[in-house]
Structures are given as C-alpha cells and as structure tokens.
Amino acid sequence: MKNTGRKKKFSFGKIYSFKRGKGQSSSSSKDEQLQIGGPGFSRIVVCNKEAGGGEENGEEEEVSSVEYFPTNYVRTTKYTGATFLPKSLFEQFRRVANFYFLVTGVLSFTALAPYSAVSAIVPLVFVIGATMVKEGIEDWRRKQQDIEVNNRKVKVHEGSGKFSQTEWKNLKVGNIVKVEKDEFFPADLILLSSSYENAVCYVETMNLDGETNLKLKQALEVTSSLNEEDLKDFRATIKCEDPNANLYSFVGTMEFEEQQHPLSPQQLLLRDSKLRNTDHIYGAVIFTGHDTKVIQNSTEPPSKRSKIEKKMDKIVYLLFGVLFLMAFVGSVYFGVVTKNDSDRSWYLKPDDANVFFDPKRATFAAMFHFLTALLLYSYLIPISLYVSIEIVKVLQSIFINQDVNMYYEETDKPARTRTSNLNEELGQVDTILSDKTGTLTCNSMEFIKCSIAGIAYGYGVTEVEKTMAKRKGSPYNSSQIRSTVKGFNFDDERIVNGNWVNGPRSDVVEKFFRLLAICHTAIPDIDENTGKVTYEAESPDEAAFVIAAKELGFEFFKRTQTSVHVNELCPVIGESVKRSYKLLNIIEFNSSRKRMSVIVRDEEGNLLLLCKGADSVMFERLAENGREYETETREHVNEYADAGLRTLVLAYRKLGEQEYNLFEEKFLEAKNSVSVDRGALIDEVTEEIEKDLILLGATAVEDKLQQGVPECIDKLAQAGIKIWVLTGDKMETAINIGYACSLLRQGMKQITITLDKPEITALEKTGDNDVIAKASKQSVVRQIIEGKTQVDDLNSEALALIIDGKSLAYALDEDVKKLFLELAIGCASVICCRSSPKQKALVTRLVKEGTKKITLAIGDGANDVGMLQEADIGIGISGVEGMQAVMSSDIAIAQFRFLERLLLVHGHWCYRRISSMICYFFYKNVTFGFTVFLYEAAASFSGQPAYNDWFLSLYNVFFTSLPVIAMGVFDQDVSATYCLKFPLLYQEGMQNVLFSWRRIIGWMLNGVCSAVIIFFLCVKTLSPQGFNKQGKIAEYQILGATMYTCVVWVVNCQMALAISYFTLIQHVFIWGGVAAWYLFLLAYGEMPPKISTTGYRVFVETLAPTPFFYLVTVFVVVSALVPYFAYKAVQMRFFPMYHGMIQWIRYEGKIEDPGYCEIVRQRSIRPTTVGLTARSLARTSPLKDKNQRNR
C-alpha cells in the first residue's frame, strides 16, 4: 500500500498474544514443570553459558546434554562428495529398465555377446550420465546456497557485554545474538529485547509461509529492558518443547531471577524470517541447524506419480515378458536344431565346435543362446524413454508457466508448475474438489450490512441476491452507488454521517461500533503528511470491520503496549472525542473456539469483555437478560447467509474486579503449564469468562465471486468434470454461492443431509454423548439411504447433494463412507458445508480411492493444505491468505478461472502428447526389435545380429529420439481456441482413450506389421538376384544397411503421419534424423575396417551408386506405411474420435454451423447438468434437457 508521506511508527504490544504474565516463584510452579524431561518437553537451554552463566546458576549437571545439540550447519543437498556417485547410481538403477541394460552391458564383455561391449555400454553411459549430470547440477546449486547461508555473519555475545561477528554455522544453543534491521535470524531465537522500549519487533515470514504482511513479536516484560551492558550479567534457563515442525505453536518457560515466565509463539523468532522496521533485537538461541522449525518443515511433499507413468512401467514389464518369450522360443528351437541337424551341418564341423554350438551339449548351447538372445533383443526396450519423458515434461511446464493467458496482471503472478510429474494428469481430471473462500470468491471482504438491536441496516445488494432475483424473474436495479473506500460498501442513511445518534437504541449502536473498533488485532499506520489511517490486519474480515467502524464514527488510530485509542463520535456533543482503553487480555480466534474476545478497562474504570464470533457458538453464550434481540438477530443472520454473506455475532459483558482477578490467576496458571494440554487448559479457563454475554447484533460482509468463475465452471461441466465444493461456511451461504456460480440452478432437486433436526436437538439437551452419537449416525445413514432412493428413482434428473460438517463426520465413518460416496457420485453437484480441514482431506481421499479416477483439489489457504496433498493434483491459488496452499501444491495459479485453460487446453495437450509419445516410443522399438528377431530366426537362431554393432546402439539415442521429444512438446490435435470451444474434447483424457491397452497394443501390432513388411520385402527383393550392375548379390552387410535405412525412414515417416501440427523444429528433427543416418553411414564407413567392421565403405561403394537401393527403400517404406494410413483413413471417415470430428468440421468449414457442433456435443459421455449452459438448456427446453440426460 503506497502512502504519500513518511509514516509514523507505533509500538503495539500484545497484539497477537494473551496478557503477559508477571511470573510465579519457582516453588509454586513445580507441578507445571513436571512435564519437563517427559516426551516432547525435554529441552533445557542455559542462556549465555558461553559467558560463564551455567556454572554460576549451579545447573552444569542439569544441562550437560547441551553438548549434544546439533550444530547450526545446515545441509540441504541430496548428495555429498563421497555419496554422489554410489547414491546417484543407485537411484538410476532402481529403474528396472536401466538395471536390465546394466546387466546386458556387463554380459556384453563375455563371449555370449553378439556385439561389441563398447557399443552396448556407450548408450547406457550416455543416458545414465545425462541424468546424473542433471542431478549433479541441481545439487551443486543447492550446495552453493548452503555455503552462502552457513557463512552468513551474525553478532554473538562473547561476555562482558561485547559482541563479535561469527558465521552462522558456528552458533550454539544458548548463545545470545544481536540481529540488526533487514537481517535474517540465524537460528530459532527467544526474543529478549529490542530497540523499541516495549521490546516489540516486526518480522517478515515470507521464507516460511510466503506471507508478506509483517508479524509483530514481543519479548517478556522481565527481559524487555536488556541492553548490551546488562547482557554480561544475564543468566536464564529455558525449558521448552523438543524440536518439531509446527510453525505456529511453542510451549516453554524461562526461569529468570528465580521466577517462572511462560513463553509463547509471541517470543519465538524463527530461522530464515527477517527483521523489519526494527533497528536491532537481542535473542537467545534455542534451536540450531536441523532442529529449527523451518528445516523441520523442509521435508519433501508427498511423492506423486501419474497413472500414465505407472502404466508405462507395466508396459515395460510386458515387453520384458515378450522379450523373454522370444528368447525362450528361439533358444528351444536352437537347442533342437543343434542336437538333431549335426549331419546336415557337416560343413560347420560340429565335432570341433565350442560349447555354444556343440551337438553333444545341446542343452547348454540352448541355455547360452537364451542369454545371447536376451542381449540381442534388448532393443525392444527403449533405453531413452525415461530421460526423454523427463525432458518433455520440463519443457511442457515451461510453456505452462509462460502462458500469458494465465498471467494475473493485478498481482503480477503467472502460473507456476511446482512439479512436472503430473502434466498429463491435468488432461484426465474426473472430479474437482474446491474450497470456496478465496478460491471461488475473492477473499476481499466488504462490510455491506449489519443488524443492531434487532434492526437490519444496509441497502447493499450482493452478487448472490442479484442471481437469486434473476432466478425469480425480478432482477435488481444495477444503479447502486458503490463506496470508494476499499472494504466498505455500506449504504443506509439511518447510520451514515452520524445519523445513528438520533435513531432508535443509539446506545446499543454506540456499543456495537465501539466493539468493532476495539475487538481486533489490526495494526494502524498513520501517514504523517495526510493524517490518513490505514490498517494491517490478519484477515480481510478484520480489516473490513475496523474500516467500517472508522467510516461510521469510531476511528481506531493508535495502539500502545497496554492500550487502544479510538476517536469516537460522542452522541451527547455530536463531535469526535479521543478515548483510550486499557488492554488487559486478547483471547484469540481459532477454528475450534470460533470467536475472539478482548478484555479492556475504559476511562471510567469499567471492566469490559468484548466478544465476536460465529452464531453457532455465540447465541449459546448469551445471558438470560442478554437475549432481547435474539429472535430478530437470528432471522437477520439467516437472511444474510441466504444472500451469500459471512456473518459474525457481537456481544459484551461487564466484569467484576473479583471475577477478573480470579480469571487472571487461572489464566496465568494455564499459560505457565508446559505440556501438550496447555491449549486445552487455556480454552477451559476462557470458557468460564466468555459466558452470560449481552447481545448487540451481527455483522455481514460480502466475499464476491472471482471474475469468470461461473463461466469457468460451465466449461468444466461441459467437459464432463464433476465439481465438489468443500467449505467451512454455513449451509445457506454455501448454497447461495452455489446458485451464483451455477453449480445449482432453479428446479434442481436438492438432497440435504443435516443433523439440525428436532429429534437430534432434543437429544443434545440431555448431554448423553453416546446416545447423541448413535442417534446422529442412524439419522445420517437413513438420510443417505433416502437420498440414494431419490437418485435411483429420478435417474433422469440433475440432483444436488448438500451435507453439513456434523453429518459429514458420520458419513466418513468406515462403515458408511462407501454408501455416502455412491450417493455423491449419483448427484450432479456436491456441497460440503462447515467442513474442517481434516474433513476436506478425508473427503478428497474418499473420492480418489473410491472412484479410482483422477481428482484435483484447489484451494488458497493453510486449511486446504491437507486436501491439496491428498488429491492426485493439488492446485494452489496465490491469493490473499498467504502462500501455504501454493507451497504445498503441484501447480499454482492466481485465479480460479485459469483452471479452464490449464485443464482444457494444457491438460488436453499434455495428455495427448505424452500418451502419443509413449505409444510411438514402443512402436519404433518394436519395429526395430522385431526385424532383429526375424533376421535371427531366418539365420536358425544362431545369435547373428542383423545390423552392425553401432547401428544397434545409436538407433534409440541418435536417429529416432529427437522427433519423439518434439512431438511431446509441440504437437496439437486442435488449437487452444477449439479446445475451449468444444470442452467435450477433454473427455478423451477422462476416458483415457489415447492410452488404453487397446491403443497401446494396437501401436505395438503396428510395429510388428511394419517389421514384417520391412524384413520380408527387403529379403525377397535383395536375395535372389544381383544387387548392382556388376551382378554382385546383396550380402549380409548390404541387407542389414538396407533394412536399417528402411526402418529409419518408416519410423520417421510414421511420426510425420501421426503429427497433427507441424512446426519448423519438428521438420528439422524428423527429416534431420533421416539425414543424420546417411551422414553417419558415410562417416562411419570411412573409418578403418577395425572400427567400422561390416559398415566399412558400404554406403560409398555399394549402396549409394546402386539405383536399386533407392527403389527398394521407396517401395518398402510406402508398403510399410500403407496399413496405418488405411486404418487412419477408415477411422477418420467412419469412426472418428472427438478430436477427429473437430478436425473434420474445421476442414469442411462447418465450425460455426450449430447443427454440426450439436452433432459433436451429442457424443458426450456425461450430460451437462450444471453450469450456465445447463441452466439455459433447462430454462429454454426442459424436455430437451431431460432427453439429453436420459442418454
């Protein structure tokens, strides 16, 4: 946020913490310290020991374990100099194909090998070496980063109040360090004091959680005055939790001057976060190196492999099976012939033969031949397949990252693929599970309505209300004047401009807005030139509340260590007056409490507890005399929820001095406990005081739909993708957002599963948890069964399933979840309301494991992390809730609408490219491998290869790999425009038609067919007659070179036929591969005969001068391609796939003809039941809609 002048900095104490305690004596806290030394709480740190502190405190023996704390040296590399070679080799040879080629490479050094060892080893070394070099470069970069980080300098206390520079890697637990402005914290520190008087500091945690807003930290009161001079005598012992990965919790105590002082996350400064807007701080090191929380969090995300990659492994195993079968059959035949045909083969002198051809040892000869055949037929397995796919996926990811159509200019954020392993699965998504707030909506809140003293205020019209009005045929007038203040869109003359002073119950209105101005954790920032106040808030909701209070006469402008200052509109004098409130405690909001409270003392000395929270927890905490407006407020809250608004209920109470003192004592005792139950103990104490509240009213803020969400959902629905919404909002809010984004539509039958039923409510009043749980589960099961009956009876209708969090807890039980999934799959839309983060993850797992299809989860907040990691693909929205979802995702985008292009365009292209690439890889290897097999069969399985050693070795690596890579990167069956115009094209991926076993086997059979045609045509045309004008016949080396030439031409021309979209690069790679073969043959033939062997001058002296060679090549290549060409022609004309139909109507110029387009759409496997298209269809032609669903 830009301001026009210099900003005045304030000191804000206790913003994110409870009230700082005054401490307890060591003896009085012994019971709490019993946890120290137990599991999870064993760390004892003596601060300033290097300056001689441990001995003086007599704690040398107690903390002797300090010797065993890890150093602060951090290594993030995968390898070291000693482990790189063995570890990286192990990683490479874990792949069964690579291991197989290693075995064949070793065997090539024996007499069994039908080719030279060098020609077998070089390709393996090239492929393995390329991958190892890639890994080595990546690890070297990490090493350089480690060196830079470990050698950073920081000031460490040496004693006598003196500090000296030392490297980070030399830090030890217990050291006192001085960190200055804009420096990173070198380890996890306990904040002791800072350059501010009240010992606060500002911290940027972007490296930890991606959030750019500054966090406020504050030291304990007892250490807040420490300076360099005081540190020489500073002695303290910190007892705390063991190292763990939780960034947002910390439990510990500091024993200082014989007093115990509780430590909280408020005093914890994490490694790799940065000191901002603070001159310096002093801190005590408690966790170093790999014990620090940021390193504890640096574990790799769950390893995800695409289904295509897993299937590819199965294909490799299948080819291994074929290879072993071929070798076995050939070896049996060879053994039989060797034993029985010795008389006919007298000219081979079988009696003098070695063990490989000895008729008397035919069994051994067959066994050795089996090993020889395994080496010879190894070319069935594509050695460069894995490395080629890795290259292609990386290049595909670069194209996704650089797509300007997925760049969000407002936040300067492009799409980012964090892993390239899952590119092709983007084209196979069956179900999307989406968060609502910040994902479908903007998470940019606007204060739009409120209910005060039972009276509703605010005339603003929400997007949901406009959508609902359109459904009812009475659209709102869109001439509403919008406020220019961000976060404030409130319009009601009864409240604005101070008019509330003369309205009814002005005293309640005053308390209402005063509560909004005080009960929060926002930080004000004043521009000294303009006097304008802006706010840094933890959430958009909170910012909207403070801004609303300011606009309506209650301007929060200052916060100090112990007070909050507000400019209030005084109803008596009608002018603004400054008031201050002593801030005693802040009881923070969390997902289980669902409320936030502050305890303050006003200028008259009154103790006030101000509370705001969800209606589900607030109404039950009202006092009997505080429910005056409950009925009206409940009605208004429900109306606001119907309008898609987020609501909070506001209430307060006055506290007595004795009651507060008793609370403070218990509260301090709970905070001083060092145990896993600390949070529960604090909650228990706060429960006792957050009761008997007096209701003031409720707020309503709007979180608008993101731009393009309804249109995106419509396209995804047309593609056949099912969309589930998992949200923590109320059911009414979620339903109305569903209408606004077209997941629901008028006339769609809704199956609602909820436990808000009279019989369950009555049981809840009894308090018998076992009875309540049993009845609740029975109710949920009954509702699910009834819902399934509706689905079965109304199979032609589009149904929506809505379930709340309580019901979902029982629906996810082991014995119920299968039934629940069957119901959900039968519905067009599924909305899960009031869902916890754990429930989101469990639902995602249920869909993924239950349907066995690709699931995609999309969210923007920390509460979506489990869901993103559980799904096959996790998409993080880089919104306003920090970057935790992005950091846990596989792909990050800035807006939900970009999902349309990511899936329908890039997903479809990547799926098609990878599928076609793999199929073609196996085709070209089967073609080549079977010519080797057929030649050996013609040679009585004697182990004689058809080709020269180097011809064999370079086929996969040099002559045929680059065209496949180009295909995997550049090929397009249809353009991006047509991918979006015809979303049903996406269903090719959902049905997996391009990588089905039928298609894979089809490509392999095509390879066998090509091999048979090439071999027999070459043999028959070359064998009986003279090859050149001198009358010489085609010898072994001529036949081999001619066959190889035909193979290179056939597989490259096959690639040209299979490609739909040519680029210059593809032309260069395809025809360049053919040209490279001729150049190699020419250069290789000029080498000495000892090197070139059978290839010596074979091209220059024999092939090139002979016209018959060119005639045979053309004839064989055309003959080999005819079967595929005929098959594709018949398929395209009579049995076209989706992309074929679109290509056909584009070719005929019918792309804008609605009749032709409708014919294409009728081929959809799943009717479009949600989205704008389905809504329009249902409105204009209900009968037609029903007929489509019946199909």
# chains A, B, ... in the order shown; residues from 1 in each chain; ligands from 1
>>> select_by_dssp(residues="range 682-725 of chain A", states="alpha helix (DSSP H)", output="number ranges by chain")
A: 682-689, 709-718
>>> residues_around(residues="range 116-132 of chain A", least_positions_apart="2", cutoff="9 Å", atoms="only C-alpha atoms", output="ChimeraX atom specification")
/A:85,88-89,92-93,98,101-102,104-110,113-114,134-137,383-384,387,949-954,956-957
>>> closest_residue(among="A:Phe399, A:Tyr196, A:Phe1115, A:Trp724", to="Ser434 in chain A", atoms="only C-alpha atoms")
A:Trp724
>>> residues_around(residues="Tyr923 in chain A", least_positions_apart="5", cutoff="12 Å", atoms="only C-alpha atoms", output="PyMOL selection string")
chain A and resi 315+319+379-382+916-918+928-930+956+960+964+999-1011+1047+1050-1052+1054-1055+1058+1124
>>> closest_residue(among="A:Ile751, A:Leu1064, A:Ala373, A:Val133", to="Ser331 in chain A", atoms="only C-alpha atoms")
A:Ala373
>>> closest_residue(among="A:Ser451, A:Gln750, A:Gln1143, A:Thr1045", to="Thr631 in chain A", atoms="only C-alpha atoms")
A:Ser451
>>> atom_distance(atom1="CA of Asp872 in chain A", atom2="CA of Gly907 in chain A")
13.8 Å
>>> atom_distance(atom1="CA of Thr441 in chain A", atom2="CA of Arg845 in chain A")
24.3 Å
>>> atom_distance(atom1="CA of Asn48 in chain A", atom2="CA of Phe234 in chain A")
7.0 Å
>>> select_by_dssp(residues="range 482-563 of chain A", states="strand (DSSP E)", output="PDB file with C-alpha atoms, in the first residue's frame")
ATOM      1  CA  ILE A 523      -2.239  -2.522  13.383  1.00  0.00           C
ATOM      2  CA  PRO A 524      -2.854   1.149  12.443  1.00  0.00           C
ATOM      3  CA  ASP A 525      -0.459   3.110  10.272  1.00  0.00           C
ATOM      4  CA  ILE A 526      -0.741   6.911  10.009  1.00  0.00           C
ATOM      5  CA  ASP A 527       0.599   8.933   7.119  1.00  0.00           C
ATOM      6  CA  VAL A 533      -5.025   5.931   8.877  1.00  0.00           C
ATOM      7  CA  THR A 534      -4.588   2.569   7.154  1.00  0.00           C
ATOM      8  CA  TYR A 535      -4.639  -0.864   8.745  1.00  0.00           C
ATOM      9  CA  GLU A 536      -2.599  -4.065   8.663  1.00  0.00           C
ATOM     10  CA  PHE A 554     -15.271   5.104  15.564  1.00  0.00           C
ATOM     11  CA  GLU A 555     -11.746   5.521  14.222  1.00  0.00           C
ATOM     12  CA  PHE A 556      -9.151   3.223  15.757  1.00  0.00           C
ATOM     13  CA  PHE A 557      -5.912   5.178  15.334  1.00  0.00           C
ATOM     14  CA  LYS A 558      -3.369   4.101  17.956  1.00  0.00           C
ATOM     15  CA  ARG A 559      -2.270   1.095  19.943  1.00  0.00           C
ATOM     16  CA  SER A 563      -3.892   0.494  25.428  1.00  0.00           C
TER      17      SER A 563
END
>>> closest_residue(among="A:Val332, A:Ala362, A:Ile858, A:Leu422", to="Glu390 in chain A", atoms="only C-alpha atoms")
A:Leu422
>>> residues_around(residues="Gly876 in chain A", least_positions_apart="3", cutoff="8 Å", atoms="only C-alpha atoms", output="PyMOL selection string")
chain A and resi 858-860+868+885-893
>>> write_last_selection(atoms="N, CA, C and O atoms", output="short mmCIF file (atom, residue, chain, number, x, y, z; two decimals), in the first residue's frame")
data_model
loop_
_atom_site.label_atom_id
_atom_site.label_comp_id
_atom_site.auth_asym_id
_atom_site.auth_seq_id
_atom_site.Cartn_x
_atom_site.Cartn_y
_atom_site.Cartn_z
N ILE A 858 -8.37 -27.81 -5.23
CA ILE A 858 -7.92 -26.43 -5.43
C ILE A 858 -8.32 -25.60 -4.22
O ILE A 858 -9.45 -25.68 -3.74
N GLY A 859 -7.36 -24.86 -3.69
CA GLY A 859 -7.63 -24.04 -2.51
C GLY A 859 -6.57 -22.96 -2.37
O GLY A 859 -5.56 -22.95 -3.08
N ASP A 860 -6.80 -22.06 -1.41
CA ASP A 860 -5.88 -20.93 -1.28
C ASP A 860 -5.33 -20.74 0.12
O ASP A 860 -4.46 -19.90 0.33
N LEU A 868 -5.02 -30.56 -0.68
CA LEU A 868 -4.16 -30.45 -1.85
C LEU A 868 -3.18 -31.61 -1.92
O LEU A 868 -2.90 -32.15 -3.00
N ALA A 885 -0.89 -22.71 0.83
CA ALA A 885 -1.51 -23.61 -0.14
C ALA A 885 -0.64 -23.72 -1.38
O ALA A 885 -0.45 -24.82 -1.92
N VAL A 886 -0.09 -22.60 -1.84
CA VAL A 886 0.78 -22.62 -3.02
C VAL A 886 2.02 -23.46 -2.75
O VAL A 886 2.46 -24.25 -3.60
N MET A 887 2.60 -23.31 -1.56
CA MET A 887 3.82 -24.04 -1.23
C MET A 887 3.58 -25.54 -1.11
O MET A 887 4.51 -26.33 -1.20
N SER A 888 2.33 -25.94 -0.90
CA SER A 888 2.00 -27.36 -0.77
C SER A 888 1.39 -27.92 -2.05
O SER A 888 1.00 -29.09 -2.08
N SER A 889 1.29 -27.09 -3.07
CA SER A 889 0.58 -27.50 -4.28
C SER A 889 1.54 -28.05 -5.33
O SER A 889 2.76 -27.94 -5.22
N ASP A 890 0.95 -28.65 -6.36
CA ASP A 890 1.72 -29.11 -7.51
C ASP A 890 1.81 -28.02 -8.58
O ASP A 890 2.80 -27.93 -9.29
N ILE A 891 0.75 -27.22 -8.67
CA ILE A 891 0.70 -26.12 -9.63
C ILE A 891 0.03 -24.94 -8.95
O ILE A 891 -0.93 -25.12 -8.20
N ALA A 892 0.53 -23.74 -9.19
CA ALA A 892 -0.06 -22.53 -8.60
C ALA A 892 -0.60 -21.63 -9.69
O ALA A 892 0.06 -21.41 -10.71
N ILE A 893 -1.82 -21.15 -9.49
CA ILE A 893 -2.42 -20.17 -10.39
C ILE A 893 -2.99 -19.04 -9.54
O ILE A 893 -3.18 -19.19 -8.33
#
>>> closest_residue(among="A:Val791, A:Ala824, A:Ala219, A:Ala1041", to="Tyr202 in chain A", atoms="only C-alpha atoms")
A:Ala219
